[in-house]
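Printed here is upload_33.csv (CSV, C-alpha atoms and all ligand atoms):
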```csv
chain,number,residue,atom,x,y,z
G,1,MET,CA,131.2,92.3,107.9
G,2,ILE,CA,128.0,90.8,109.1
G,3,THR,CA,127.8,89.6,112.7
G,4,GLY,CA,124.9,88.2,114.7
G,5,LYS,CA,121.4,87.2,113.8
G,6,CYS,CA,118.2,89.0,113.5
G,7,PRO,CA,116.4,88.7,116.8
G,8,ILE,CA,113.1,88.6,115.0
G,9,CYS,CA,113.5,85.9,112.4
G,10,LYS,CA,117.0,84.6,113.1
G,11,ARG,CA,118.3,85.3,109.7
G,12,PRO,CA,121.8,86.8,109.3
G,13,ALA,CA,121.7,90.5,110.2
G,14,GLU,CA,122.3,93.1,107.5
G,15,ALA,CA,124.8,95.8,108.3
G,16,GLU,CA,122.3,98.4,107.2
G,17,PHE,CA,119.7,97.3,109.6
G,18,LYS,CA,121.8,95.9,112.4
G,19,PRO,CA,121.0,94.0,114.5
G,20,PHE,CA,118.1,93.1,112.2
G,21,CYS,CA,118.0,91.6,108.8
G,22,SER,CA,115.6,94.1,107.2
G,23,ARG,CA,113.6,97.2,107.8
G,24,ARG,CA,110.6,95.1,108.3
G,25,CYS,CA,112.1,93.3,111.3
G,26,ALA,CA,113.4,96.5,112.7
G,27,ASP,CA,109.9,97.9,112.6
G,28,LEU,CA,108.4,94.8,114.1
G,29,ASP,CA,110.8,94.9,117.0
G,30,LEU,CA,110.1,98.6,117.6
G,31,GLN,CA,106.4,98.0,117.6
G,32,ARG,CA,106.8,95.1,120.1
G,33,TRP,CA,108.9,97.3,122.2
G,34,LEU,CA,106.5,100.2,122.2
G,35,SER,CA,103.4,98.0,122.8
G,36,GLY,CA,104.9,95.9,125.6
G,37,SER,CA,105.0,92.2,124.9
G,38,TYR,CA,101.9,92.0,122.7
G,39,ALA,CA,100.1,94.0,120.1
G,40,ILE,CA,97.5,96.3,121.7
G,41,PRO,CA,94.8,98.0,119.6
G,42,ALA,CA,95.7,101.7,119.3
G,43,GLY,CA,92.2,103.0,119.9
G,44,GLU,CA,89.4,101.8,122.2
G,45,ASP,CA,86.8,104.1,120.9
G,46,ASP,CA,85.7,101.9,118.1
G,47,ASP,CA,83.2,99.7,120.0
G,48,GLU,CA,80.2,101.3,118.5
G,49,ASP,CA,79.1,98.1,116.8
G,50,GLY,CA,80.1,95.9,119.7
G,51,VAL,CA,82.6,93.9,117.7
G,52,PRO,CA,86.1,93.8,119.1
G,53,ALA,CA,88.9,94.4,116.7
G,54,PRO,CA,90.6,91.2,115.6
G,55,MET,CA,93.9,90.6,117.3
G,56,GLN,CA,97.0,90.5,115.3
G,57,VAL,CA,99.0,87.4,116.0
G,58,PRO,CA,102.6,87.3,115.0
G,59,ASP,CA,103.5,84.3,112.9
G,60,GLU,CA,106.9,83.8,114.4
G,61,GLU,CA,107.7,80.9,116.7
A,1,ZN,ZN,114.7,89.5,110.5
```

Take the structure from the file and write it as C-alpha cells.
Ligand SMILES: [Zn+2]
Amino acid sequence: MITGKCPICKRPAEAEFKPFCSRRCADLDLQRWLSGSYAIPAGEDDDEDGVPAPMQVPDEE
C-alpha cells in the first residue's frame, strides 16, 4: 500500500523508498539535509585558478 507523496518531487511514494518515490529523491533529500538548506561545495582548496566552482541549482520548484 502506498501512502503519502515524495517530499522532493511530489510523486506518489514507493514503498521501497518511503517516503520518497525513488532512490534518487532519497539521495537528494539526504544531501540537502547534510548540507543544510543549499548545496555547498565540498572543498574550498580548489581556488588555484581563481575561478569559483559553479553552483548547482536544483531544478525543483
Ligand atoms: Zn521523488

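Among the candidates G:Gln56, G:Gly36, G:Gln31, G:Cys25, the one nearest to Lys10 of chain G when counting all atoms listed in the file is G:Cys25.
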
(message) Need the shell around Cys6 of chain G: protein/DNA/RNA residues with any atom at most 9 Å away, counting all atoms listed in the file. Skip same-chain ones fewer than 4 positions apart. Format as number ranges by chain?
(response) G: 10-14, 18-22, 25-26

For the selection you just gave me, I'd like the residues written to a file as a PDB file, in the frame of the given file, keeping C-alpha atoms.
```pdb
ATOM      1  CA  LYS G  10     117.000  84.600 113.100  1.00  0.00           C
ATOM      2  CA  ARG G  11     118.300  85.300 109.700  1.00  0.00           C
ATOM      3  CA  PRO G  12     121.800  86.800 109.300  1.00  0.00           C
ATOM      4  CA  ALA G  13     121.700  90.500 110.200  1.00  0.00           C
ATOM      5  CA  GLU G  14     122.300  93.100 107.500  1.00  0.00           C
ATOM      6  CA  LYS G  18     121.800  95.900 112.400  1.00  0.00           C
ATOM      7  CA  PRO G  19     121.000  94.000 114.500  1.00  0.00           C
ATOM      8  CA  PHE G  20     118.100  93.100 112.200  1.00  0.00           C
ATOM      9  CA  CYS G  21     118.000  91.600 108.800  1.00  0.00           C
ATOM     10  CA  SER G  22     115.600  94.100 107.200  1.00  0.00           C
ATOM     11  CA  CYS G  25     112.100  93.300 111.300  1.00  0.00           C
ATOM     12  CA  ALA G  26     113.400  96.500 112.700  1.00  0.00           C
TER      13      ALA G  26
END
```

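For the pair atom CA of Leu28 of chain G and atom CA of Val57 of chain G, the separation is 12.1 Å.
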
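If you measure from each of G:Glu60, G:Pro54, G:Arg32, G:Arg24 to Cys9 of chain G using only C-alpha atoms, the closest one turns out to be G:Glu60.
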
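Distances from G:Arg23, G:Ala15, G:Leu34, G:Asp59 to ligand ZN 1 (chain A) were compared using only C-alpha atoms and all ligand atoms, and the smallest one belongs to G:Arg23.
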
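Using all atoms listed in the file for every distance, the candidate list G:Lys5, G:Trp33, G:Met55, G:Glu16 yields G:Lys5 as the residue closest to ligand ZN 1 (chain A).
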